[in-house]
Amino acid sequence: MRNIKNKLSFNFVDFHSANKPFYYITKVLGLASYSYNRNCLNYKFNNVFVMLSILWSFLMLCALLGICAHHINHFVLTVYNRETPNFITSDILSKILWYSSPASSMICGLINGKKMAGITRKLSNIDVILLETKRFKTYKRIFCFQFVEIVFCIVCVLIITGYSSWAWGSNFRSAYENYECVTVFLTFLSDIQYMNVIYHLKYRYKELNNKLKHSLTFNLHSRTIGTPRGRIIKKHQEENLKTLRHIHNELNEIVNNVNSCYGFQILVEIASIFVQIVSKSYLSSVMFKYLITLKGNRFKYYSCKVIAIFNYALFSCIKLLGLCVICNLATWRANYSLVVIHKLMMRRDLNPDIFSELYEFSVQIANSKVAFTAFNVFPLNMATFLQVIGVSFTYVIIFHQ
């Protein structure tokens, strides 16, 4: 009983408890296959909670694959008998990719559960040194923000899928709208889960840069380098720089683990987003060309359908924008440490030993540039966002021609 109470307790001094609101809802949906412990994350196969988490995630994955098979089978029996082979092939592949996004998230959770637990454990250890007295305030903000994220996710999914169901009417796809709602919710939740991890890294890189800026404050006011007080200050600064070097290296290792754990999931998600943008934009544009020829009630009827279809394309663009923006900001924060070090190295009153330590720090950062990638296929930044949007609308224009 005490172990169960520890798992369910919320303590803002603890990084794990600050993340528990989002953790529990992802665990219920099968997106988190590891188990929390009060002091650290345990990932031992003799742990009952871990085994139950893995089993539950596997059952949710099987349920999702069953929903996908049932959805496609329904369309084969009722819709595809009136369509061309090209349409049938493209629509089946589109649906498989649609369901593959949350399925890949569950599979990556099952395979990389130990690495995901290690990411949170390393962040907890770093926070003890990096955040110090700010931990309570930071964790409380994370705790509250995650509640807002969950509510926002639910509201967005209900608005998009609910409006689509209303626009097409209850006779269109009937209960299969529920399948679509579940898939959209799981996919959006997986994206937010990934963005939360990147945000935590961005914030810690920001705190590290702030500490690095103020690491040599005493040098400007110290005129007694050879005195005992000067030697103490110099030793303290060297130890502080070595600690920051170690933290930066640990954060870079976490970035590599994040790319390893979430890379395939993000690759599948961006591929699904690309297909959704192209297909929904093309379909809505075709219906819009037909819409402008209508009047009266038929115009209102079809305009609602056009908006419902275009909402999915817009929602996919917003998800892609969120992924690229947070990764771009985190990358900039990580690589900005090199700029801070170069500014410190330009100071005239810098001790030679401190300069040597800063130089080694700069070499370490220059040789380990931070980048978030989709399974090492392409980086996640604003350039990728613009390329995907540009290629998507190029395809739409080609389809119209």
# chains A, B, ... in the order shown; residues from 1 in each chain; ligands from 1

$ residues_around --residues "segment 291-307 of chain A" --least-positions-apart "5" --cutoff "9 Å" --atoms "only C-alpha atoms" --output "list in words"
Tyr163, Ser164, Trp166, Ala167, Trp168, Leu283, Ser284, Ser285, Val286 and Tyr312 of chain A

$ write_last_selection --atoms "all heavy atoms" --output "mmCIF file, in the first residue's frame"
data_model
loop_
_atom_site.group_PDB
_atom_site.id
_atom_site.type_symbol
_atom_site.label_atom_id
_atom_site.label_comp_id
_atom_site.auth_asym_id
_atom_site.auth_seq_id
_atom_site.Cartn_x
_atom_site.Cartn_y
_atom_site.Cartn_z
ATOM 1 N N TYR A 163 -17.452 18.663 -35.259
ATOM 2 C CA TYR A 163 -17.924 19.483 -36.376
ATOM 3 C C TYR A 163 -17.973 18.662 -37.661
ATOM 4 O O TYR A 163 -18.900 18.799 -38.461
ATOM 5 C CB TYR A 163 -17.010 20.694 -36.565
ATOM 6 C CG TYR A 163 -17.476 21.625 -37.653
ATOM 7 C CD1 TYR A 163 -18.455 22.584 -37.409
ATOM 8 C CD2 TYR A 163 -16.956 21.533 -38.945
ATOM 9 C CE1 TYR A 163 -18.897 23.431 -38.414
ATOM 10 C CE2 TYR A 163 -17.390 22.373 -39.953
ATOM 11 C CZ TYR A 163 -18.362 23.322 -39.676
ATOM 12 O OH TYR A 163 -18.797 24.156 -40.680
ATOM 13 N N SER A 164 -16.972 17.793 -37.860
ATOM 14 C CA SER A 164 -16.957 16.951 -39.057
ATOM 15 C C SER A 164 -18.156 16.007 -39.069
ATOM 16 O O SER A 164 -18.813 15.833 -40.102
ATOM 17 C CB SER A 164 -15.652 16.147 -39.113
ATOM 18 O OG SER A 164 -15.647 15.266 -40.199
ATOM 19 N N TRP A 166 -21.015 16.462 -37.531
ATOM 20 C CA TRP A 166 -22.242 17.257 -37.738
ATOM 21 C C TRP A 166 -22.387 17.690 -39.186
ATOM 22 O O TRP A 166 -23.483 17.680 -39.750
ATOM 23 C CB TRP A 166 -22.208 18.478 -36.821
ATOM 24 C CG TRP A 166 -23.321 19.442 -37.092
ATOM 25 C CD1 TRP A 166 -24.607 19.367 -36.667
ATOM 26 C CD2 TRP A 166 -23.240 20.650 -37.873
ATOM 27 N NE1 TRP A 166 -25.338 20.441 -37.119
ATOM 28 C CE2 TRP A 166 -24.518 21.245 -37.867
ATOM 29 C CE3 TRP A 166 -22.209 21.280 -38.561
ATOM 30 C CZ2 TRP A 166 -24.780 22.431 -38.527
ATOM 31 C CZ3 TRP A 166 -22.465 22.457 -39.231
ATOM 32 C CH2 TRP A 166 -23.741 23.028 -39.205
ATOM 33 N N ALA A 167 -21.263 18.082 -39.814
ATOM 34 C CA ALA A 167 -21.310 18.583 -41.183
ATOM 35 C C ALA A 167 -21.710 17.493 -42.172
ATOM 36 O O ALA A 167 -22.476 17.746 -43.113
ATOM 37 C CB ALA A 167 -19.960 19.168 -41.575
ATOM 38 N N TRP A 168 -21.219 16.280 -41.965
ATOM 39 C CA TRP A 168 -21.524 15.200 -42.892
ATOM 40 C C TRP A 168 -22.822 14.491 -42.563
ATOM 41 O O TRP A 168 -23.349 13.746 -43.387
ATOM 42 C CB TRP A 168 -20.380 14.183 -42.917
ATOM 43 C CG TRP A 168 -19.169 14.689 -43.620
ATOM 44 C CD1 TRP A 168 -18.061 15.221 -43.063
ATOM 45 C CD2 TRP A 168 -18.952 14.728 -45.029
ATOM 46 N NE1 TRP A 168 -17.155 15.590 -44.018
ATOM 47 C CE2 TRP A 168 -17.685 15.295 -45.245
ATOM 48 C CE3 TRP A 168 -19.712 14.336 -46.133
ATOM 49 C CZ2 TRP A 168 -17.153 15.476 -46.517
ATOM 50 C CZ3 TRP A 168 -19.180 14.511 -47.398
ATOM 51 C CH2 TRP A 168 -17.922 15.074 -47.584
ATOM 52 N N LEU A 283 -9.027 17.821 -51.700
ATOM 53 C CA LEU A 283 -10.458 17.516 -51.666
ATOM 54 C C LEU A 283 -11.287 18.762 -51.353
ATOM 55 O O LEU A 283 -12.333 18.997 -51.979
ATOM 56 C CB LEU A 283 -10.723 16.431 -50.624
ATOM 57 C CG LEU A 283 -12.164 15.900 -50.517
ATOM 58 C CD1 LEU A 283 -12.627 15.352 -51.865
ATOM 59 C CD2 LEU A 283 -12.254 14.839 -49.440
ATOM 60 N N SER A 284 -10.829 19.569 -50.416
ATOM 61 C CA SER A 284 -11.578 20.784 -50.072
ATOM 62 C C SER A 284 -11.559 21.788 -51.223
ATOM 63 O O SER A 284 -12.555 22.497 -51.463
ATOM 64 C CB SER A 284 -10.999 21.423 -48.805
ATOM 65 O OG SER A 284 -9.637 21.766 -48.977
ATOM 66 N N SER A 285 -10.441 21.877 -51.949
ATOM 67 C CA SER A 285 -10.380 22.803 -53.083
ATOM 68 C C SER A 285 -11.299 22.351 -54.227
ATOM 69 O O SER A 285 -11.925 23.183 -54.886
ATOM 70 C CB SER A 285 -8.939 22.933 -53.578
ATOM 71 O OG SER A 285 -8.447 21.680 -54.029
ATOM 72 N N VAL A 286 -11.370 21.022 -54.454
ATOM 73 C CA VAL A 286 -12.276 20.505 -55.486
ATOM 74 C C VAL A 286 -13.723 20.790 -55.119
ATOM 75 O O VAL A 286 -14.531 21.223 -55.957
ATOM 76 C CB VAL A 286 -12.046 18.988 -55.677
ATOM 77 C CG1 VAL A 286 -13.150 18.392 -56.558
ATOM 78 C CG2 VAL A 286 -10.688 18.733 -56.305
ATOM 79 N N TYR A 312 -9.174 19.571 -41.040
ATOM 80 C CA TYR A 312 -8.160 18.537 -40.829
ATOM 81 C C TYR A 312 -6.813 18.952 -41.413
ATOM 82 O O TYR A 312 -5.758 18.693 -40.825
ATOM 83 C CB TYR A 312 -8.624 17.212 -41.447
ATOM 84 C CG TYR A 312 -9.613 16.464 -40.593
ATOM 85 C CD1 TYR A 312 -10.973 16.508 -40.868
ATOM 86 C CD2 TYR A 312 -9.184 15.713 -39.502
ATOM 87 C CE1 TYR A 312 -11.885 15.821 -40.082
ATOM 88 C CE2 TYR A 312 -10.088 15.026 -38.711
ATOM 89 C CZ TYR A 312 -11.437 15.083 -39.011
ATOM 90 O OH TYR A 312 -12.339 14.409 -38.217
#

$ residues_around --residues "Leu55 of chain A" --least-positions-apart "2" --cutoff "12 Å" --atoms "only C-alpha atoms" --output "ChimeraX atom specification"
/A:27-28,30-34,45,48-53,57-62,106,109-110

$ closest_atom_pairs --of "segment 248-289 of chain A" --to "segment 111-119 of chain A" --cutoff "8 Å" --atoms "only C-alpha atoms" --output "JSON lines"
{"residue": "A:Ile254", "atom": "CA", "partner": "A:Ile119", "partner_atom": "CA", "distance": 6.0}
{"residue": "A:Asn257", "atom": "CA", "partner": "A:Lys115", "partner_atom": "CA", "distance": 6.8}
{"residue": "A:Val258", "atom": "CA", "partner": "A:Ile119", "partner_atom": "CA", "distance": 7.6}
{"residue": "A:Cys261", "atom": "CA", "partner": "A:Asn112", "partner_atom": "CA", "distance": 5.7}

$ closest_residue --among "A:Phe143, A:Phe385, A:Phe315, A:Phe75" --to "Val157 of chain A" --atoms "only C-alpha atoms"
A:Phe315

$ closest_residue --among "A:Asn210, A:Phe15, A:Thr384, A:Pro102" --to "Lys137 of chain A" --atoms "only C-alpha atoms"
A:Phe15

$ atom_distance --atom1 "atom CA of Cys108 of chain A" --atom2 "atom CA of Lys122 of chain A"
19.5 Å

$ closest_atom_pairs --of "segment 360-395 of chain A" --to "segment 343-354 of chain A" --cutoff "12 Å" --atoms "only C-alpha atoms" --output "Markdown table"
| residue | atom | partner | partner_atom | distance |
| --- | --- | --- | --- | --- |
| A:Glu360 | CA | A:Ile354 | CA | 10.0 |
| A:Phe361 | CA | A:Ile354 | CA | 10.6 |
| A:Ser362 | CA | A:Met345 | CA | 9.8 |

$ closest_residue --among "A:Phe136, A:Trp56, A:Tyr395, A:Phe147" --to "Phe274 of chain A" --atoms "only C-alpha atoms"
A:Tyr395

$ decode --residues "segment 57-144 of chain A" --atoms "C-alpha atoms" --output "mmCIF file, in the first residue's frame"
data_model
loop_
_atom_site.group_PDB
_atom_site.id
_atom_site.type_symbol
_atom_site.label_atom_id
_atom_site.label_comp_id
_atom_site.auth_asym_id
_atom_site.auth_seq_id
_atom_site.Cartn_x
_atom_site.Cartn_y
_atom_site.Cartn_z
ATOM 1 C CA SER A 57 0.293 -0.971 -23.857
ATOM 2 C CA PHE A 58 0.373 -4.168 -25.932
ATOM 3 C CA LEU A 59 -3.384 -4.679 -25.502
ATOM 4 C CA MET A 60 -4.063 -1.062 -26.525
ATOM 5 C CA LEU A 61 -1.869 -1.553 -29.596
ATOM 6 C CA CYS A 62 -3.835 -4.673 -30.552
ATOM 7 C CA ALA A 63 -7.111 -2.766 -30.056
ATOM 8 C CA LEU A 64 -5.883 0.068 -32.298
ATOM 9 C CA LEU A 65 -4.837 -2.374 -35.041
ATOM 10 C CA GLY A 66 -8.238 -4.064 -34.734
ATOM 11 C CA ILE A 67 -10.004 -0.718 -35.168
ATOM 12 C CA CYS A 68 -7.895 -0.027 -38.269
ATOM 13 C CA ALA A 69 -8.738 -3.430 -39.784
ATOM 14 C CA HIS A 70 -12.450 -3.001 -39.006
ATOM 15 C CA HIS A 71 -12.494 0.497 -40.510
ATOM 16 C CA ILE A 72 -10.844 -0.612 -43.757
ATOM 17 C CA ASN A 73 -13.041 -3.708 -43.987
ATOM 18 C CA HIS A 74 -16.173 -1.526 -43.683
ATOM 19 C CA PHE A 75 -15.024 0.707 -46.542
ATOM 20 C CA VAL A 76 -14.174 -2.333 -48.680
ATOM 21 C CA LEU A 77 -17.692 -3.695 -48.262
ATOM 22 C CA THR A 78 -19.710 -0.468 -48.537
ATOM 23 C CA VAL A 79 -17.701 2.258 -50.306
ATOM 24 C CA TYR A 80 -14.928 0.861 -52.502
ATOM 25 C CA ASN A 81 -17.238 -1.160 -54.747
ATOM 26 C CA ARG A 82 -18.227 2.133 -56.424
ATOM 27 C CA GLU A 83 -14.704 3.563 -56.759
ATOM 28 C CA THR A 84 -11.756 3.176 -59.134
ATOM 29 C CA PRO A 85 -8.739 0.983 -58.259
ATOM 30 C CA ASN A 86 -6.486 4.042 -57.992
ATOM 31 C CA PHE A 87 -8.780 5.660 -55.444
ATOM 32 C CA ILE A 88 -9.110 2.423 -53.463
ATOM 33 C CA THR A 89 -5.333 1.903 -53.279
ATOM 34 C CA SER A 90 -4.562 5.483 -52.268
ATOM 35 C CA ASP A 91 -7.376 5.612 -49.698
ATOM 36 C CA ILE A 92 -6.356 2.324 -48.046
ATOM 37 C CA LEU A 93 -2.730 3.443 -47.835
ATOM 38 C CA SER A 94 -3.851 6.789 -46.416
ATOM 39 C CA LYS A 95 -5.921 5.081 -43.718
ATOM 40 C CA ILE A 96 -3.075 2.711 -42.824
ATOM 41 C CA LEU A 97 -0.715 5.682 -42.471
ATOM 42 C CA TRP A 98 -3.388 7.515 -40.438
ATOM 43 C CA TYR A 99 -3.514 4.677 -37.895
ATOM 44 C CA SER A 100 0.237 4.032 -38.082
ATOM 45 C CA SER A 101 1.047 7.272 -36.288
ATOM 46 C CA PRO A 102 -0.430 6.354 -32.864
ATOM 47 C CA ALA A 103 0.535 2.693 -33.422
ATOM 48 C CA SER A 104 4.187 3.660 -33.968
ATOM 49 C CA SER A 105 4.050 5.689 -30.748
ATOM 50 C CA MET A 106 2.881 2.621 -28.820
ATOM 51 C CA ILE A 107 5.475 0.375 -30.477
ATOM 52 C CA CYS A 108 8.286 2.844 -29.714
ATOM 53 C CA GLY A 109 7.053 3.014 -26.121
ATOM 54 C CA LEU A 110 7.223 -0.772 -25.819
ATOM 55 C CA ILE A 111 10.673 -1.035 -27.409
ATOM 56 C CA ASN A 112 12.281 2.068 -25.860
ATOM 57 C CA GLY A 113 10.607 2.076 -22.441
ATOM 58 C CA LYS A 114 13.956 1.710 -20.669
ATOM 59 C CA LYS A 115 15.453 4.665 -22.576
ATOM 60 C CA MET A 116 12.382 6.815 -21.885
ATOM 61 C CA ALA A 117 12.719 6.049 -18.180
ATOM 62 C CA GLY A 118 16.406 6.942 -18.390
ATOM 63 C CA ILE A 119 15.611 10.326 -19.973
ATOM 64 C CA THR A 120 13.412 11.315 -17.031
ATOM 65 C CA ARG A 121 15.923 9.996 -14.524
ATOM 66 C CA LYS A 122 18.754 12.025 -16.062
ATOM 67 C CA LEU A 123 16.626 15.188 -16.115
ATOM 68 C CA SER A 124 15.865 14.675 -12.421
ATOM 69 C CA ASN A 125 19.561 14.376 -11.587
ATOM 70 C CA ILE A 126 20.409 17.462 -13.649
ATOM 71 C CA ASP A 127 17.685 19.521 -11.946
ATOM 72 C CA VAL A 128 19.266 18.957 -8.527
ATOM 73 C CA ILE A 129 22.358 20.862 -9.685
ATOM 74 C CA LEU A 130 20.974 23.185 -12.342
ATOM 75 C CA LEU A 131 17.681 24.445 -10.896
ATOM 76 C CA GLU A 132 18.560 24.281 -7.172
ATOM 77 C CA THR A 133 16.043 26.473 -5.316
ATOM 78 C CA LYS A 134 13.919 27.073 -8.460
ATOM 79 C CA ARG A 135 12.768 23.460 -8.629
ATOM 80 C CA PHE A 136 9.563 23.956 -6.624
ATOM 81 C CA LYS A 137 8.415 26.858 -8.806
ATOM 82 C CA THR A 138 9.393 25.075 -12.034
ATOM 83 C CA TYR A 139 7.679 21.803 -11.148
ATOM 84 C CA LYS A 140 4.526 23.564 -10.009
ATOM 85 C CA ARG A 141 4.365 25.385 -13.346
ATOM 86 C CA ILE A 142 4.871 22.100 -15.234
ATOM 87 C CA PHE A 143 2.155 20.409 -13.176
ATOM 88 C CA CYS A 144 -0.415 23.144 -13.882
#
